[in-house]
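**Student:** Input: one structure, supplied below.
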Amino acid sequence: MKVTSIFLLCALALLSLSGNTRADSLGRRAQCNNQVRGCTKNYNPVCGTDGNTYSNECVLCMENQKRQTPVLIKKSGPC
């Protein structure tokens, strides 16, 4: 009986901790510099939460400003 209760407590603790890791699964915000009016042509692709590949974070920022939509970075690299 003691072993079962310890196992259940450990399982509950692990489940409660795993809930905190899901916040990053939605994506992260791009590092934007609002004073820049253009982007470099450096190819460092990022995959947006809208399913589109952007050539770099700056391009994603410019699209967000142009469209007024909060597209996040799902992952580094192409989609």
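The chains in the structure tokens are called A, B, ... from first to last as shown; in each chain the residues are counted from 1, and the ligands are counted from 1 in the order shown.
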Can you list, as a VMD selection string, every protein, DNA or RNA residue that comes within 9 Å of range 50-64 of chain A when you count only C-alpha atoms, leaving out same-chain residues fewer than 2 positions away?
**Tutor:** chain A and resid 30 to 34 36 to 48 66 to 74 77 to 79
